[in-house]
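The next block holds one structure in the form of structure tokens; read it before the comments.
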Amino acid sequence: MAEGRQRGLGRGLSALLGEVEAPGAEPSAAATSGARELPIELIHRNPDQPRVHFDPDELEELAGSLRQKGVLQPILVRPSRQTEGEYQIVAGERRWRAAQLAGLRTVPALVKELGDNETLEVALIENVQRADLNPLEEAAAYNVLMGLTQRTQEEVAQVVGKSRPHVANALRLLQLPESVQALVREKRLSAGHARALIGVPDAESLAREVVEQGLNVRETEALARKAQAGERQPAGRRGKPADTVALEKDLSDRIGLKVEILDKDGKGEMRIRYATLEQLDDLCRRLSGR
């Protein structure tokens, strides 16, 4: 690794913000010296911030704390490239959002002149070290950082304090179809479930089956192996009782449309699939008795 890049890797939050404070910890003197109060309305989020989702309940909880104690740890900002006198957040967007909810008019901030690559690095380090990113946000951030700085997976791992296999596994999630990635963002699939589906034929169908049937990671891996070997039964039929399969067939024959019954412990749903709007209209007429 080049010496200049090594120095860049080593800066992180420790050089820019004194110490990386643990959540809830009192701020260090190094972190607070030089901080100044900035009006909240002059501060704007960074559109390239790795973290996209902020849990509303967690923000409200933090806002309650800020109403009582104020913002103890300053956020890190850089001067805006678009508007003089305004600032862009480098690290601390969660505190800035919570401060707005708390009704605060100013927040303590450290102002640093930083380039785009440094800004992305620091934002990534802060979020990953504090486990604030969901798996897809983390993977996307690694991917952007590698693209901007031409760093290897090993070098990115050093930046964020993770192992190279961890970074590699995170990046593999970006190979999944967008619909499967959406299930991960919605926390309906874990990263472990999702990794088992990478490169599997019809991963979208398998992902739906995993969610609907509440499969654990090992069961998902077994299902994926069967799909790779061409042994998987059609989605929705795996492990179904014979009477349920027979009922599906009987209903399908009666209405001329594919019927799928998803049952778990006596609760579930019945799906009727149609291929054209005419089939849907016909079904609606039958159900309404017209």
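Residue numbering restarts at 1 in every chain; chains get A, B, ... in the order shown in the structure tokens, and ligands count up from 1 in that same order.
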Contacts of Glu37 of chain A within 12 Å, only C-alpha atoms, excl. fewer than 5 positions in-chain, as a PyMOL selection string
chain A and resi 32+42-43+70-77+104-111
Would you pick out the contacts of segment 208-217 of chain A at 9 Å or less, using only C-alpha atoms, so that residues sharing its chain but fewer than 5 positions from it are not included, and give the list as number ranges by chain?
A: 180, 183, 188-190, 192-194, 196, 203, 222-223, 235-236, 262-264
Produce a file of the selected residues containing C-alpha atoms, as a PDB file, in the first residue's frame.
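Result went into result-v3.pdb, see below:
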```pdb
ATOM      1  CA  VAL A 180     -34.216  -9.602  -2.592  1.00  0.00           C
ATOM      2  CA  LEU A 183     -36.268  -7.702   1.762  1.00  0.00           C
ATOM      3  CA  ARG A 188     -37.469  -9.449   6.500  1.00  0.00           C
ATOM      4  CA  LEU A 189     -34.301 -11.299   5.466  1.00  0.00           C
ATOM      5  CA  SER A 190     -31.037 -11.297   7.390  1.00  0.00           C
ATOM      6  CA  GLY A 192     -27.074 -14.636   6.389  1.00  0.00           C
ATOM      7  CA  HIS A 193     -30.287 -15.609   4.608  1.00  0.00           C
ATOM      8  CA  ALA A 194     -29.444 -13.343   1.693  1.00  0.00           C
ATOM      9  CA  ALA A 196     -27.284 -18.183   0.931  1.00  0.00           C
ATOM     10  CA  ALA A 203     -33.438 -16.245  -6.051  1.00  0.00           C
ATOM     11  CA  ALA A 222     -30.369 -26.353   2.278  1.00  0.00           C
ATOM     12  CA  LEU A 223     -33.108 -24.935   0.055  1.00  0.00           C
ATOM     13  CA  ALA A 235     -42.333 -22.513  -4.456  1.00  0.00           C
ATOM     14  CA  GLY A 236     -45.163 -22.895  -1.993  1.00  0.00           C
ATOM     15  CA  LEU A 262     -49.928 -20.849   2.411  1.00  0.00           C
ATOM     16  CA  ASP A 263     -50.670 -22.224   5.871  1.00  0.00           C
ATOM     17  CA  LYS A 264     -48.689 -22.076   9.087  1.00  0.00           C
TER      18      LYS A 264
END
```
DSSP on the backbone, strand (DSSP E) only: what residues of segment 7-173 of chain A does that give? Format it as a PyMOL selection string.
chain A and resi 36-39+43-44+75-79+87-91+106-111
